[in-house]
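A.B. asks: Sending over final23.txt (compact mmCIF, C-alpha atoms).
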# COMPACT_ATOMS: atom_id res chain seq x y z
CA MET I 151 -8.74 7.58 -4.75
CA ILE I 152 -6.83 8.71 -1.67
CA ALA I 153 -7.19 6.78 1.58
CA SER I 154 -5.70 7.81 4.88
CA ASP I 155 -5.53 6.59 8.43
CA VAL I 156 -6.33 9.28 11.01
CA ASP I 157 -4.39 9.08 14.27
CA GLY I 158 -0.64 9.26 13.79
CA THR I 159 -1.10 9.84 10.06
CA LEU I 160 -3.40 12.79 9.31
CA LEU I 161 -3.24 13.88 12.95
CA GLY I 162 0.08 14.54 14.65
CA PRO I 163 0.92 14.72 18.35
CA SER I 164 -1.44 17.67 18.80
CA GLU I 165 -4.32 15.46 17.60
CA SER I 166 -5.49 18.24 15.29
CA LEU I 167 -5.40 18.86 11.55
CA SER I 168 -2.84 21.37 10.33
CA GLY I 169 -3.75 24.12 7.93
CA ARG I 170 -1.38 22.66 5.35
CA THR I 171 -3.04 19.25 5.47
CA ILE I 172 -6.55 20.71 5.31
CA ALA I 173 -5.66 22.85 2.29
CA THR I 174 -4.02 19.98 0.43
CA VAL I 175 -6.89 17.56 1.01
CA ARG I 176 -9.43 20.17 -0.09
CA ARG I 177 -7.47 20.76 -3.31
CA ALA I 178 -7.54 17.03 -4.04
CA ILE I 179 -11.29 16.90 -3.48
CA GLU I 180 -11.84 19.96 -5.67
CA ALA I 181 -9.88 18.14 -8.40
CA GLY I 182 -12.46 15.36 -8.26
CA VAL I 183 -10.41 12.76 -6.36
CA PRO I 184 -12.33 10.89 -3.62
CA PHE I 185 -10.66 11.17 -0.20
CA VAL I 186 -11.51 8.34 2.20
CA LEU I 187 -10.73 8.11 5.90
CA ALA I 188 -9.67 4.57 6.84
CA THR I 189 -9.45 4.28 10.59
CA GLY I 190 -9.88 2.13 13.64
CA ARG I 191 -12.11 4.86 15.02
CA PRO I 192 -15.85 4.20 15.39
CA PRO I 193 -18.25 6.30 13.30
CA ARG I 194 -19.03 8.66 16.19
CA TRP I 195 -15.39 9.83 16.15
CA ILE I 196 -15.38 10.76 12.45
CA ALA I 197 -17.06 14.18 12.42
CA PRO I 198 -14.18 16.10 14.11
CA VAL I 199 -11.91 15.00 11.25
CA ALA I 200 -14.34 14.93 8.32
CA GLY I 201 -15.77 18.38 9.16
CA PRO I 202 -12.62 20.51 8.75
CA LEU I 203 -11.68 18.57 5.61
CA GLU I 204 -15.21 19.04 4.19
CA LEU I 205 -15.54 15.32 3.48
CA THR I 206 -18.96 14.17 2.31
CA GLY I 207 -18.08 10.74 0.95
CA TYR I 208 -17.34 7.40 2.58
CA ALA I 209 -15.16 6.48 5.53
CA VAL I 210 -13.91 3.06 6.58
CA CYS I 211 -14.35 2.73 10.35
CA ALA I 212 -13.53 0.13 13.01
CA ASN I 213 -10.66 -1.29 10.92
CA GLY I 214 -12.93 -2.23 8.02
CA ALA I 215 -16.01 -3.48 9.88
CA VAL I 216 -18.10 -0.37 9.16
CA LEU I 217 -18.71 1.69 6.03
CA TYR I 218 -19.85 5.20 6.97
CA ASP I 219 -21.30 8.03 4.86
CA CYS I 220 -19.78 11.26 6.21
CA GLY I 221 -22.20 13.56 4.40
CA ARG I 222 -25.36 11.76 5.52
CA GLU I 223 -23.82 10.84 8.90
CA GLU I 224 -25.09 7.32 8.44
CA VAL I 225 -23.73 3.79 8.73
CA VAL I 226 -24.08 2.28 5.25
CA ALA I 227 -22.84 -1.27 5.85
CA VAL I 228 -21.50 -3.50 8.61
CA HIS I 229 -19.21 -6.44 7.89
CA GLY I 230 -18.05 -9.32 10.06
CA LEU I 231 -20.05 -9.08 13.26
CA LEU I 232 -18.73 -11.12 16.18
CA PRO I 233 -21.64 -13.09 17.72
CA PRO I 234 -22.05 -13.38 21.52
CA THR I 235 -21.17 -17.09 21.52
CA LEU I 236 -17.81 -16.37 19.87
CA LEU I 237 -17.18 -13.38 22.14
CA HIS I 238 -17.68 -15.54 25.24
CA ASP I 239 -15.36 -18.25 23.87
CA ILE I 240 -12.68 -15.67 23.12
CA ALA I 241 -13.03 -14.10 26.57
CA HIS I 242 -12.59 -17.49 28.25
CA ALA I 243 -9.36 -18.10 26.32
CA LEU I 244 -8.10 -14.56 27.00
CA ASP I 245 -8.52 -14.93 30.75
CA LYS I 246 -6.10 -17.85 30.69
CA ALA I 247 -3.55 -16.27 28.35
CA LEU I 248 -3.72 -12.69 29.69
CA PRO I 249 -4.70 -12.83 33.38
CA GLY I 250 -6.01 -9.47 34.49
CA CYS I 251 -7.12 -8.30 31.03
CA ARG I 252 -10.30 -6.25 30.70
CA LEU I 253 -12.71 -6.21 27.77
CA ALA I 254 -14.87 -3.79 25.81
CA THR I 255 -17.03 -4.08 22.70
CA GLU I 256 -18.04 -1.71 19.90
CA ARG I 257 -21.50 -2.00 18.30
CA VAL I 258 -23.31 -0.15 15.51
CA SER I 259 -26.54 -0.39 13.54
CA VAL I 260 -26.96 0.17 9.80
CA GLY I 261 -28.81 3.39 9.10
CA ARG I 262 -27.90 5.02 12.38
CA ASP I 263 -25.40 7.81 12.93
CA GLY I 264 -23.02 5.67 14.95
CA ALA I 265 -24.05 7.20 18.30
CA ASP I 266 -27.07 5.10 19.23
CA HIS I 267 -27.23 5.50 22.99
CA ASP I 268 -30.06 2.99 23.36
CA MET I 269 -27.78 0.34 21.91
CA ARG I 270 -24.80 1.30 24.10
CA ASN I 271 -22.23 1.55 21.32
CA PHE I 272 -19.16 1.26 23.53
CA VAL I 273 -19.52 -0.99 26.57
CA ILE I 274 -16.64 -1.61 28.96
CA GLU I 275 -15.81 -3.80 31.92
CA PRO I 276 -14.86 -2.17 35.23
CA ASP I 277 -11.15 -1.19 35.22
CA TYR I 278 -10.96 -1.31 31.41
CA HIS I 279 -8.15 1.04 30.38
CA ASN I 280 -8.19 3.14 27.22
CA PRO I 281 -4.79 4.58 26.20
CA TRP I 282 -6.60 7.57 24.64
CA GLY I 283 -8.35 8.42 27.90
CA ASP I 284 -11.00 6.80 30.03
CA GLY I 285 -13.82 9.30 29.66
CA GLU I 286 -15.92 7.25 27.23
CA GLY I 287 -17.78 3.99 27.57
CA ARG I 288 -20.68 2.67 29.60
CA THR I 289 -19.44 0.37 32.36
CA ALA I 290 -21.27 -2.94 32.61
CA PRO I 291 -20.73 -6.52 33.80
CA ARG I 292 -18.92 -8.82 31.40
CA ALA I 293 -22.16 -10.61 30.49
CA GLU I 294 -23.53 -7.33 29.13
CA VAL I 295 -20.26 -6.44 27.38
CA LEU I 296 -20.32 -9.74 25.51
CA GLY I 297 -24.08 -10.18 25.24
CA HIS I 298 -24.70 -8.55 21.84
CA PRO I 299 -23.08 -8.84 18.37
CA ALA I 300 -20.05 -6.54 18.13
CA ILE I 301 -17.95 -5.09 15.32
CA LYS I 302 -14.84 -5.54 17.44
CA LEU I 303 -13.64 -6.74 20.81
CA LEU I 304 -11.08 -4.56 22.59
CA VAL I 305 -8.71 -6.04 25.16
CA SER I 306 -6.75 -3.89 27.60
CA HIS I 307 -4.00 -4.79 30.06
CA ARG I 308 -2.24 -2.25 32.25
CA GLY I 309 0.89 -4.38 32.68
CA MET I 310 1.68 -5.19 29.04
CA SER I 311 2.47 -3.41 25.79
CA SER I 312 0.20 -3.84 22.79
CA GLU I 313 2.99 -5.71 20.99
CA GLU I 314 3.29 -8.23 23.84
CA MET I 315 -0.47 -8.67 23.97
CA ALA I 316 -0.76 -9.18 20.21
CA ASP I 317 1.89 -11.91 20.28
CA ALA I 318 0.05 -13.71 23.08
CA VAL I 319 -3.39 -13.39 21.48
CA ASN I 320 -2.20 -14.43 18.02
CA ALA I 321 -0.88 -17.64 19.54
CA LEU I 322 -4.41 -18.44 20.77
CA PHE I 323 -6.46 -18.00 17.63
CA ASP I 324 -5.91 -19.28 14.13
CA ARG I 325 -8.67 -18.17 11.79
CA GLU I 326 -11.50 -17.21 14.14
CA VAL I 327 -10.46 -13.57 14.51
CA ASP I 328 -7.81 -11.11 13.37
CA VAL I 329 -5.73 -9.24 15.95
CA THR I 330 -4.27 -5.79 15.48
CA TYR I 331 -3.47 -2.59 17.37
CA SER I 332 -3.14 1.12 16.69
CA SER I 333 -1.44 2.15 19.94
CA SER I 334 1.37 0.67 22.01
CA GLY I 335 -0.41 1.46 25.28
CA GLY I 336 -1.66 -1.98 26.26
CA LEU I 337 -4.66 -2.37 23.92
CA VAL I 338 -5.38 -4.83 21.12
CA GLU I 339 -8.44 -5.08 18.89
CA LEU I 340 -10.03 -8.31 17.67
CA SER I 341 -12.20 -8.35 14.54
CA ALA I 342 -13.84 -11.02 12.42
CA HIS I 343 -11.30 -12.93 10.36
CA GLY I 344 -10.58 -11.30 7.01
CA ILE I 345 -12.09 -7.91 7.89
CA THR I 346 -9.47 -5.18 7.48
CA LYS I 347 -9.12 -1.63 6.23
CA ALA I 348 -8.19 -3.18 2.88
CA THR I 349 -11.55 -4.99 2.57
CA GLY I 350 -13.35 -1.78 3.49
CA LEU I 351 -11.46 0.20 0.86
CA ALA I 352 -12.10 -2.49 -1.73
CA ASP I 353 -15.84 -2.10 -1.07
CA ILE I 354 -15.63 1.67 -1.55
CA ALA I 355 -13.44 1.37 -4.66
CA GLU I 356 -16.01 -0.96 -6.23
CA ARG I 357 -18.84 1.44 -5.40
CA LEU I 358 -16.91 4.33 -6.98
CA GLY I 359 -15.54 2.40 -9.95
CA VAL I 360 -11.91 2.88 -8.93
CA GLU I 361 -9.24 0.24 -9.61
CA ARG I 362 -6.91 -0.62 -6.73
CA GLU I 363 -3.95 0.49 -8.86
CA GLN I 364 -5.47 3.99 -8.74
CA VAL I 365 -5.48 4.10 -4.93
CA ILE I 366 -2.84 5.73 -2.74
CA ALA I 367 -3.06 4.90 0.97
CA PHE I 368 -1.35 6.38 4.04
CA GLY I 369 -0.87 4.70 7.42
CA ASP I 370 1.39 4.27 10.41
CA MET I 371 0.46 1.21 12.50
CA PRO I 372 -0.02 -2.57 12.19
CA ASN I 373 -3.75 -2.12 11.54
CA ASP I 374 -2.74 -0.30 8.32
CA VAL I 375 -0.55 -3.09 6.92
CA GLU I 376 -3.19 -4.80 4.76
CA MET I 377 -4.36 -1.44 3.38
CA LEU I 378 -0.83 -0.36 2.49
CA ARG I 379 -0.23 -3.64 0.68
CA TRP I 380 -3.59 -3.57 -1.10
CA ALA I 381 -3.33 -0.05 -2.48
CA GLY I 382 -1.59 0.68 -5.75
CA HIS I 383 0.82 2.86 -3.77
CA GLY I 384 1.18 2.51 -0.01
CA VAL I 385 2.82 5.27 2.02
CA ALA I 386 3.93 4.83 5.64
CA MET I 387 4.78 7.61 8.03
CA GLU I 388 8.31 8.25 9.28
CA ASN I 389 6.87 8.10 12.81
CA GLY I 390 5.17 4.78 11.99
CA HIS I 391 5.54 1.23 13.24
CA PRO I 392 8.19 -0.95 11.49
CA GLN I 393 5.45 -3.31 10.26
CA ALA I 394 3.70 -0.47 8.46
CA GLN I 395 6.93 0.81 6.99
CA SER I 396 7.86 -2.67 5.71
CA ALA I 397 4.48 -2.99 3.98
CA ALA I 398 4.71 0.39 2.22
CA ASP I 399 6.10 1.42 -1.14
CA GLU I 400 7.30 4.74 0.25
CA ILE I 401 7.98 6.41 3.58
CA THR I 402 7.02 10.05 3.97
CA GLY I 403 7.70 12.57 6.72
CA PRO I 404 6.11 12.24 10.16
CA ALA I 405 2.56 13.33 10.88
CA ALA I 406 3.92 16.26 12.88
CA GLU I 407 5.50 17.56 9.67
CA ASP I 408 2.45 17.00 7.41
CA GLY I 409 3.76 13.79 5.86
CA VAL I 410 0.49 13.15 3.99
CA ALA I 411 0.49 16.64 2.51
CA GLN I 412 4.16 16.29 1.51
CA VAL I 413 3.20 13.46 -0.84
CA LEU I 414 -0.12 14.81 -2.11
CA GLU I 415 1.42 18.19 -2.98
CA ARG I 416 3.16 16.47 -5.90
CA TRP I 417 -0.20 16.49 -7.67
CA PHE I 418 -2.36 19.03 -5.83
Any chance you could put this one into structure tokens?
C.D. replies:
Amino acid sequence: MIASDVDGTLLGPSESLSGRTIATVRRAIEAGVPFVLATGRPPRWIAPVAGPLELTGYAVCANGAVLYDCGREEVVAVHGLLPPTLLHDIAHALDKALPGCRLATERVSVGRDGADHDMRNFVIEPDYHNPWGDGEGRTAPRAEVLGHPAIKLLVSHRGMSSEEMADAVNALFDREVDVTYSSSGGLVELSAHGITKATGLADIAERLGVEREQVIAFGDMPNDVEMLRWAGHGVAMENGHPQAQSAADEITGPAAEDGVAQVLERWF
């Protein structure tokens, strides 16, 4: 089984799939090898990547909290929901440790396509900042943001880097939540403790009858560390974060130079 992060791994600075990567992934699939996206993205952001690659199998979304069927466009399973009581407790602690931070939550329902507008999948506080652009999200008071079970809590701060925020947040919480980030632009993501891309891939591997030793995984950021360690062979990108590179068995070329394809072309 092949597992790959999306942003910064399959997608380079242009945020699009190259022809070389598309061709290599399709050859792997034609050879009967499952190809799994393992990403911090929510399910509604999967189709633009899965479509060109012609993926019809599973994807791990929201850093392991969601298992998504690309072919059926359906959420198959949700793991580690954060209840409103815990979200409010976390928010109270964050206000003291990170004055000026703003919050958002991601939500999904099993059996839905990941874009349930009645549920308000992505709810943000006023002045919440998204390093990938601020065009998405339904703005609401904090009580609404934290008022429903969530697959992850996102914390933004315009005056700090993600690394600085992660250090501060990790000092607050022991085993209640796990903290990670996939961008350096002042955003960290909090998930239920023990829920990672590795746990999501383990679920898929069990469903497909694949041993972890038979899995190769690609990633570039701290939210890929557990996956790179779990896989039989972990590959980090040359453009990746030092934490990801330290966790990997191999470092390939940068995403801008088709680093994933460089490795997979050994076999396909």
A.B. asks: For a test of reading the model, state the distance in Å between atom CA of I:Asp374 and atom CA of I:Gly221, rounded to one decimal.
C.D. replies: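 Calculated distance between atom CA of I:Asp374 and atom CA of I:Gly221 is 24.2 Å.
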A.B. asks: Ranking I:Tyr278, I:Ala188, I:Met377, I:Ala241 by minimum distance to I:Ala293 and counting all atoms listed in the file, which one comes first?
C.D. replies: I:Ala241
A.B. asks: Please identify all polymer residues lying at most 10 Å from the point (-4.6, -2.7, 36.0) (file coordinates), using all atoms listed in the file, and present the result as a list of chain:residue names.
C.D. replies: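 Counting all atoms listed in the file, I find these residues within 10 Å of (-4.6, -2.7, 36.0): I:Gly250, I:Cys251, I:Arg252, I:Asp277, I:Tyr278, I:His279, I:Ser306, I:His307, I:Arg308, I:Gly309, I:Met310.
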A.B. asks: Which of these residues is nearest to I:Glu165, using only C-alpha atoms: I:Pro184, I:Pro198, I:Gly369, I:Gly190?
C.D. replies: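 Closest candidate: I:Pro198.
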A.B. asks: Can you pull out the residues contacting stretch 203-206 of chain I? Cut-off 10 Å, using only C-alpha atoms, and skip same-chain residues under 2 positions away; I want them as a list in words.
C.D. replies: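 Listed by chain and then number, they are Leu167, Gly169, Thr171, Ile172, Ala173, Thr174, Val175, Arg176, Ile179, Pro184, Phe185, Val186, Leu187, Ala197, Pro198, Val199, Ala200, Gly201, Tyr208, Ala209, Asp219, Cys220, Gly221, Arg222 and Glu223 of chain I.
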A.B. asks: I need the chosen residues saved as a short mmCIF file (atom, residue, chain, number, x, y, z; two decimals), in the coordinates of the input, with C-alpha atoms.
C.D. replies:
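Done, and the output landed in again-v2.cif:
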data_model
loop_
_atom_site.label_atom_id
_atom_site.label_comp_id
_atom_site.auth_asym_id
_atom_site.auth_seq_id
_atom_site.Cartn_x
_atom_site.Cartn_y
_atom_site.Cartn_z
CA LEU I 167 -5.40 18.86 11.55
CA GLY I 169 -3.75 24.12 7.93
CA THR I 171 -3.04 19.25 5.47
CA ILE I 172 -6.55 20.71 5.31
CA ALA I 173 -5.66 22.85 2.29
CA THR I 174 -4.02 19.98 0.43
CA VAL I 175 -6.89 17.56 1.01
CA ARG I 176 -9.43 20.17 -0.09
CA ILE I 179 -11.29 16.90 -3.48
CA PRO I 184 -12.33 10.89 -3.62
CA PHE I 185 -10.66 11.17 -0.20
CA VAL I 186 -11.51 8.34 2.20
CA LEU I 187 -10.73 8.11 5.90
CA ALA I 197 -17.06 14.18 12.42
CA PRO I 198 -14.18 16.10 14.11
CA VAL I 199 -11.91 15.00 11.25
CA ALA I 200 -14.34 14.93 8.32
CA GLY I 201 -15.77 18.38 9.16
CA TYR I 208 -17.34 7.40 2.58
CA ALA I 209 -15.16 6.48 5.53
CA ASP I 219 -21.30 8.03 4.86
CA CYS I 220 -19.78 11.26 6.21
CA GLY I 221 -22.20 13.56 4.40
CA ARG I 222 -25.36 11.76 5.52
CA GLU I 223 -23.82 10.84 8.90
#
A.B. asks: Would you compute the distance between atom CA of I:Asp408 and atom CA of I:Glu388? Give it in Å to one decimal.
C.D. replies: 10.7 Å
A.B. asks: Please list as a list in words every residue within 8 Å of I:Met151, counting only C-alpha atoms and excluding residues in the same chain fewer than 2 positions away.
C.D. replies: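 The filter keeps Ala153, Val183, Pro184, Phe185, Val186, Ala355, Val360, Gln364, Val365 and Ile366 of chain I.
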A.B. asks: Could you check how far atom CA of I:Arg257 sits from atom CA of I:Glu224, in Å to one decimal?
C.D. replies: 14.0 Å
A.B. asks: Looking at I:Val295, I:Val327, I:Ala348, I:Ala367, which one is nearest to I:Gly384, with distances taken over only C-alpha atoms?
C.D. replies: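 Residue with the minimum atom-to-atom distance to I:Gly384: I:Ala367.
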A.B. asks: Point out the residue among I:Pro192, I:Pro233, I:Gly390, I:Pro276 with the least atom-to-atom distance to I:Val210, counting all atoms listed in the file.
C.D. replies: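 Checking each candidate against I:Val210, we get I:Pro192 as the closest.
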